[in-house]
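These notes are about the structure you will find just below.
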Protein chains: 2
Amino acid sequence: MAPHSYPSHVTIREVGLRDGLQSIATMVPTAAKCEWLRQAVAAGQTEIEVGSFVPPRLMPQLADTGEVLAFAKTLPGLRVSVLVPNLRGAERALEGDADLMILPLSASHAHSLANLRKTPDEVVAELARIRAARDASGRKTLIEGGVGTAFGCTLQGRVEPAEVLRLMQALLDAGADRVSLADTVGYADPASVGRLFEQALRIAGDRFCCGHFHDTRGLALANVHAALLLGVKRFDASLAGIGGCPHAPGASGNAATEDLAFMVEAMGIRTGLDLPALLALRTQVAGWIAGEPMHGALWRAGLPKTFQAVAEPG
Amino acid sequence: MAPHSYPSHVTIREVGLRDGLQSIATMVPTAAKCEWLRQAVAAGQTEIEVGSFVPPRLMPQLADTGEVLAFAKTLPGLRVSVLVPNLRGAERALEGDADLMILPLSASHAHSLANLRKTPDEVVAELARIRAARDASGRKTLIEGGVGTAFGCTLQGRVEPAEVLRLMQALLDAGADRVSLADTVGYADPASVGRLFEQALRIAGDRFCCGHFHDTRGLALANVHAALLLGVKRFDASLAGIGGCPHAPGASGNAATEDLAFMVEAMGIRTGLDLPALLALRTQVAGWIAGEPMHGALWRAGLPKTFQAVAEPG
């Protein structure tokens, strides 16, 4: 192992308001989402995925994404991401001047057809249309192609790494500014992360921007560690790991923001996050989603006596 | 990262019957402990710490360690470990013909005085006496010196790595056959594990035998991953992560055996364990310790559709 290969700083992109809330039944009021955003920014979060421009009848929890996006844009220093399932969603993200829009693509053909009613290559074609719309709009909104079920799929089972990498290249060729990989269902392990991310970095270089790990089987932080060793600097996470997995009732959702932040800060990698403030926000979110499962370990044990946040440079 | 540096096989030493049960109030009957051992061996476990020869008034849950050890010795292929706090405990382990006895030493002076009423160097002197007793007994019982609070301590805070390594060397010089490192209170992170284990391996070589991680703050498997990268081949774990932490109510105990086994098998590292059988045993143990917190993620989500246990060679 080469400790010196760890990055010096890591950005944790909060996805609790999107990936988290989309998976639970509780409707969080718009005002509470705005308060969440305000406190997250106060705790040092600089990148937040605030919602998804999917049809409200499919995901009523996120029907207020337009309003939440508008509020988020008023918060200084925040890079605001939004998920867009198609061109129509992208047009709304452009209208709202999102800083980043993420188009999800499922590398599992079975999952792609079941969830998006499109083949992965049809999603690539959609990205090209989104790129054209962005370029025509004059907006600076970045386009991220997010390749999901990158380590396997509960419907299809195995997903070939070669197919994942082919689709990633196709997204870049179609005009994605950046690409990311997601272990949507918790099938990844540190060895498979090491292998796939190494190849993804070879293909996409600096345009490979983010690892998105679900903690379904408890391996999210070990998988993050494998990616850190390759120099990956941005990870998605959800406060309290909220979100769950539709295929595993009661299972955790994304890596828990506060645990991930603790891990990397303890390793001497700067996140810019205020951990006690994140833990306080967690308590507040618990009230807004009362009764929904929350995960993570740090909130129970608290920070070690010896813990010191990594200082800002200079 | 160098995936090729992972070991080809890993042994998970079950400590649920000792570290797990000593930390919970429920008294598990001797017959249930024997049934646990029987099923654990049937699930492929080859090394189990069956109890601790501490005074029964201090730890009534483990008062039957002698009987459990005697039963464990009848199970074919099982290497039976037992914890011994001192020479008197070691004499009982020798009487019972344990395959291995573990003398814990706390690298935190404050913790050592509070828990063992001895300084760490007095524990080293005890190990020398235990070595003399073992050699005089004609038994083949191996002696492991286990250095705990190796990454920090809830009482003392910081524990100097140099002091951890000095004590490890002292245990070897005093006659320990092997040494191990324990993150007793969940203060380790993958970077500190990488640094300390690398130096421990340099000092002890093949006599460095085991990593013992608590999941108090959710980092146990990430820490195991950091140790795997250095070639460490043996880890302690407790079924369902039972055990907890006296300093963090409700927090997890050791790494969960079934999650750890899943991680390394998914990585292509052989454990020899039958994961469905371990999950079935977990359900049985849940009945014996009903009401006590159980942890881990795999039991909820189940094995991935694509999971295949690593085959025995040849």
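Labeling convention for the structure tokens: chains A, B, ... as they appear, residues from 1 per chain, ligands from 1 in order of appearance.
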| Residues of chain A within 6 Å of chain B, only C-alpha atoms counted, as a ChimeraX atom specification | /A:1,157-158,191,217-218,221-222,229,248,267,297-298,301,305-306
Export of the given selection (N, CA, C and O atoms) as a PDB file, in the first residue's frame:
```pdb
ATOM      1  N   MET A   1       0.847  -1.195   0.000  1.00  0.00           N
ATOM      2  CA  MET A   1       0.000   0.000   0.000  1.00  0.00           C
ATOM      3  C   MET A   1       0.882   1.244   0.000  1.00  0.00           C
ATOM      4  O   MET A   1       1.927   1.267   0.622  1.00  0.00           O
ATOM      5  N   GLY A 157     -28.112  -9.657 -12.898  1.00  0.00           N
ATOM      6  CA  GLY A 157     -26.934 -10.329 -12.327  1.00  0.00           C
ATOM      7  C   GLY A 157     -25.678  -9.641 -12.807  1.00  0.00           C
ATOM      8  O   GLY A 157     -25.500  -8.448 -12.596  1.00  0.00           O
ATOM      9  N   ARG A 158     -24.850 -10.387 -13.516  1.00  0.00           N
ATOM     10  CA  ARG A 158     -23.542  -9.863 -13.904  1.00  0.00           C
ATOM     11  C   ARG A 158     -23.656  -8.732 -14.933  1.00  0.00           C
ATOM     12  O   ARG A 158     -24.485  -8.774 -15.845  1.00  0.00           O
ATOM     13  N   ALA A 191     -11.875  -5.032  -4.350  1.00  0.00           N
ATOM     14  CA  ALA A 191     -11.060  -5.508  -5.472  1.00  0.00           C
ATOM     15  C   ALA A 191     -11.704  -5.118  -6.802  1.00  0.00           C
ATOM     16  O   ALA A 191     -11.024  -4.654  -7.724  1.00  0.00           O
ATOM     17  N   ARG A 217     -24.526  -3.869   1.521  1.00  0.00           N
ATOM     18  CA  ARG A 217     -23.918  -5.036   2.175  1.00  0.00           C
ATOM     19  C   ARG A 217     -22.734  -4.637   3.061  1.00  0.00           C
ATOM     20  O   ARG A 217     -21.852  -5.441   3.340  1.00  0.00           O
ATOM     21  N   GLY A 218     -22.719  -3.369   3.460  1.00  0.00           N
ATOM     22  CA  GLY A 218     -21.740  -2.921   4.455  1.00  0.00           C
ATOM     23  C   GLY A 218     -20.363  -2.564   3.920  1.00  0.00           C
ATOM     24  O   GLY A 218     -19.457  -2.280   4.702  1.00  0.00           O
ATOM     25  N   LEU A 221     -17.690   1.960   2.669  1.00  0.00           N
ATOM     26  CA  LEU A 221     -16.472   2.688   3.052  1.00  0.00           C
ATOM     27  C   LEU A 221     -15.208   1.943   2.625  1.00  0.00           C
ATOM     28  O   LEU A 221     -14.214   2.571   2.259  1.00  0.00           O
ATOM     29  N   ALA A 222     -15.240   0.629   2.646  1.00  0.00           N
ATOM     30  CA  ALA A 222     -14.092  -0.136   2.138  1.00  0.00           C
ATOM     31  C   ALA A 222     -13.935   0.125   0.637  1.00  0.00           C
ATOM     32  O   ALA A 222     -12.811   0.232   0.124  1.00  0.00           O
ATOM     33  N   LEU A 229      -7.337   5.097  -2.983  1.00  0.00           N
ATOM     34  CA  LEU A 229      -5.980   4.656  -3.304  1.00  0.00           C
ATOM     35  C   LEU A 229      -5.623   4.940  -4.757  1.00  0.00           C
ATOM     36  O   LEU A 229      -4.451   4.985  -5.123  1.00  0.00           O
ATOM     37  N   ALA A 248     -33.783  -4.641  -1.300  1.00  0.00           N
ATOM     38  CA  ALA A 248     -33.329  -5.207  -0.020  1.00  0.00           C
ATOM     39  C   ALA A 248     -33.982  -4.418   1.101  1.00  0.00           C
ATOM     40  O   ALA A 248     -33.391  -3.477   1.624  1.00  0.00           O
ATOM     41  N   MET A 267      -8.119  10.079   8.194  1.00  0.00           N
ATOM     42  CA  MET A 267      -6.968   9.678   7.390  1.00  0.00           C
ATOM     43  C   MET A 267      -6.058  10.854   7.053  1.00  0.00           C
ATOM     44  O   MET A 267      -5.022  10.676   6.410  1.00  0.00           O
ATOM     45  N   ALA A 297     -22.676   4.905  11.765  1.00  0.00           N
ATOM     46  CA  ALA A 297     -22.146   4.480  13.067  1.00  0.00           C
ATOM     47  C   ALA A 297     -21.654   5.650  13.911  1.00  0.00           C
ATOM     48  O   ALA A 297     -21.761   5.625  15.135  1.00  0.00           O
ATOM     49  N   LEU A 298     -21.131   6.675  13.279  1.00  0.00           N
ATOM     50  CA  LEU A 298     -20.471   7.746  14.036  1.00  0.00           C
ATOM     51  C   LEU A 298     -21.398   8.433  15.025  1.00  0.00           C
ATOM     52  O   LEU A 298     -20.989   8.789  16.128  1.00  0.00           O
ATOM     53  N   ALA A 301     -21.371   6.658  18.423  1.00  0.00           N
ATOM     54  CA  ALA A 301     -20.113   6.580  19.175  1.00  0.00           C
ATOM     55  C   ALA A 301     -19.516   7.955  19.410  1.00  0.00           C
ATOM     56  O   ALA A 301     -18.772   8.153  20.366  1.00  0.00           O
ATOM     57  N   LYS A 305     -11.700  10.888  20.940  1.00  0.00           N
ATOM     58  CA  LYS A 305     -11.070  11.940  21.750  1.00  0.00           C
ATOM     59  C   LYS A 305      -9.902  12.594  21.012  1.00  0.00           C
ATOM     60  O   LYS A 305      -9.597  13.761  21.221  1.00  0.00           O
ATOM     61  N   THR A 306      -9.249  11.799  20.185  1.00  0.00           N
ATOM     62  CA  THR A 306      -8.036  12.264  19.506  1.00  0.00           C
ATOM     63  C   THR A 306      -8.332  12.932  18.171  1.00  0.00           C
ATOM     64  O   THR A 306      -7.417  13.392  17.486  1.00  0.00           O
TER      65      THR A 306
END
```
What's the 9 Å shell around Ala128 of chain A, counting only C-alpha atoms, without same-chain residues fewer than 4 positions away, as a PDB file with N, CA and C atoms, in the first residue's frame?
```pdb
ATOM      1  N   VAL A 123     -29.889   5.945 -24.101  1.00  0.00           N
ATOM      2  CA  VAL A 123     -29.562   6.984 -23.115  1.00  0.00           C
ATOM      3  C   VAL A 123     -28.353   7.792 -23.589  1.00  0.00           C
ATOM      4  N   VAL A 124     -27.385   7.115 -24.185  1.00  0.00           N
ATOM      5  CA  VAL A 124     -26.236   7.830 -24.747  1.00  0.00           C
ATOM      6  C   VAL A 124     -26.715   8.843 -25.795  1.00  0.00           C
ATOM      7  N   ALA A 132     -26.494  19.205 -26.922  1.00  0.00           N
ATOM      8  CA  ALA A 132     -26.868  20.210 -27.933  1.00  0.00           C
ATOM      9  C   ALA A 132     -27.736  21.296 -27.303  1.00  0.00           C
ATOM     10  N   ALA A 133     -28.667  20.864 -26.448  1.00  0.00           N
ATOM     11  CA  ALA A 133     -29.556  21.834 -25.793  1.00  0.00           C
ATOM     12  C   ALA A 133     -28.753  22.746 -24.869  1.00  0.00           C
ATOM     13  N   LEU A 171     -20.543   7.906 -23.556  1.00  0.00           N
ATOM     14  CA  LEU A 171     -21.076   9.129 -22.941  1.00  0.00           C
ATOM     15  C   LEU A 171     -20.130  10.301 -23.167  1.00  0.00           C
ATOM     16  N   ASP A 173     -17.972  10.552 -25.605  1.00  0.00           N
ATOM     17  CA  ASP A 173     -18.009  10.864 -27.039  1.00  0.00           C
ATOM     18  C   ASP A 173     -19.268  11.652 -27.399  1.00  0.00           C
ATOM     19  N   ALA A 174     -20.356  11.388 -26.661  1.00  0.00           N
ATOM     20  CA  ALA A 174     -21.624  12.062 -26.960  1.00  0.00           C
ATOM     21  C   ALA A 174     -21.672  13.469 -26.367  1.00  0.00           C
ATOM     22  N   GLY A 175     -20.644  13.825 -25.574  1.00  0.00           N
ATOM     23  CA  GLY A 175     -20.600  15.204 -25.102  1.00  0.00           C
ATOM     24  C   GLY A 175     -20.690  15.393 -23.595  1.00  0.00           C
ATOM     25  N   ALA A 176     -20.618  14.314 -22.827  1.00  0.00           N
ATOM     26  CA  ALA A 176     -20.594  14.481 -21.366  1.00  0.00           C
ATOM     27  C   ALA A 176     -19.333  15.240 -20.964  1.00  0.00           C
TER      28      ALA A 176
END
```
| message | Env of segment 92-106 of chain A: 7 Å cut, atoms = only C-alpha atoms, seq-sep filter 2 positions within chain, self excluded. Answer as an MDAnalysis selection string. | response | chainID A and resid 66 69:70 79:85 88:90 108:109 111:112 120 123 139:149
| message | Please return, as a PyMOL selection string, all residues of segment 68-214 of chain A that DSSP assigns to strand (DSSP E or B) on the basis of the backbone. | response | chain A and resi 79-83+100-106+142-148+150+152-153+157+178-183+208-214
Save out the residues we just selected, C-alpha atoms, as a PDB file, in the first residue's frame.
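What follows is the written file selection-v8.pdb:
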```pdb
ATOM      1  CA  ARG A  79     -22.433  23.913  -6.564  1.00  0.00           C
ATOM      2  CA  VAL A  80     -25.960  22.703  -7.202  1.00  0.00           C
ATOM      3  CA  SER A  81     -26.525  19.385  -8.976  1.00  0.00           C
ATOM      4  CA  VAL A  82     -29.774  17.930 -10.154  1.00  0.00           C
ATOM      5  CA  LEU A  83     -30.630  14.570 -11.676  1.00  0.00           C
ATOM      6  CA  LEU A 100     -24.447  20.410 -12.915  1.00  0.00           C
ATOM      7  CA  MET A 101     -26.975  17.970 -14.293  1.00  0.00           C
ATOM      8  CA  ILE A 102     -26.504  14.239 -13.983  1.00  0.00           C
ATOM      9  CA  LEU A 103     -27.949  11.897 -16.581  1.00  0.00           C
ATOM     10  CA  PRO A 104     -28.087   8.365 -15.173  1.00  0.00           C
ATOM     11  CA  LEU A 105     -27.380   5.458 -17.462  1.00  0.00           C
ATOM     12  CA  SER A 106     -27.743   1.881 -16.310  1.00  0.00           C
ATOM     13  CA  LEU A 142     -22.067  20.891 -16.678  1.00  0.00           C
ATOM     14  CA  ILE A 143     -23.270  17.501 -17.897  1.00  0.00           C
ATOM     15  CA  GLU A 144     -22.314  14.373 -15.962  1.00  0.00           C
ATOM     16  CA  GLY A 145     -23.021  10.917 -17.324  1.00  0.00           C
ATOM     17  CA  GLY A 146     -23.493   8.589 -14.376  1.00  0.00           C
ATOM     18  CA  VAL A 147     -23.049   4.916 -15.186  1.00  0.00           C
ATOM     19  CA  GLY A 148     -25.089   2.898 -12.698  1.00  0.00           C
ATOM     20  CA  ALA A 150     -21.622  -0.713 -12.771  1.00  0.00           C
ATOM     21  CA  GLY A 152     -23.837  -5.885 -11.178  1.00  0.00           C
ATOM     22  CA  CYS A 153     -27.583  -5.745 -11.065  1.00  0.00           C
ATOM     23  CA  GLY A 157     -26.934 -10.329 -12.327  1.00  0.00           C
ATOM     24  CA  ARG A 178     -17.625  14.274 -16.905  1.00  0.00           C
ATOM     25  CA  VAL A 179     -18.552  10.720 -15.997  1.00  0.00           C
ATOM     26  CA  SER A 180     -19.033   8.805 -12.769  1.00  0.00           C
ATOM     27  CA  LEU A 181     -19.599   5.216 -11.678  1.00  0.00           C
ATOM     28  CA  ALA A 182     -22.277   3.981  -9.319  1.00  0.00           C
ATOM     29  CA  ASP A 183     -22.669   0.723  -7.438  1.00  0.00           C
ATOM     30  CA  PHE A 208     -13.817  10.778 -14.250  1.00  0.00           C
ATOM     31  CA  CYS A 209     -15.318  12.711 -11.392  1.00  0.00           C
ATOM     32  CA  CYS A 210     -17.107  10.636  -8.771  1.00  0.00           C
ATOM     33  CA  GLY A 211     -17.697   7.306  -7.052  1.00  0.00           C
ATOM     34  CA  HIS A 212     -21.197   6.524  -5.814  1.00  0.00           C
ATOM     35  CA  PHE A 213     -21.383   3.592  -3.419  1.00  0.00           C
ATOM     36  CA  HIS A 214     -24.375   2.067  -1.722  1.00  0.00           C
TER      37      HIS A 214
END
```
| Excluding same-chain residues fewer than 5 positions from segment 237-243 of chain A, what lies within 7 Å of it counting only C-alpha atoms, as number ranges by chain? | A: 12-16, 19-21, 23-24, 252-258, 282, 293-296
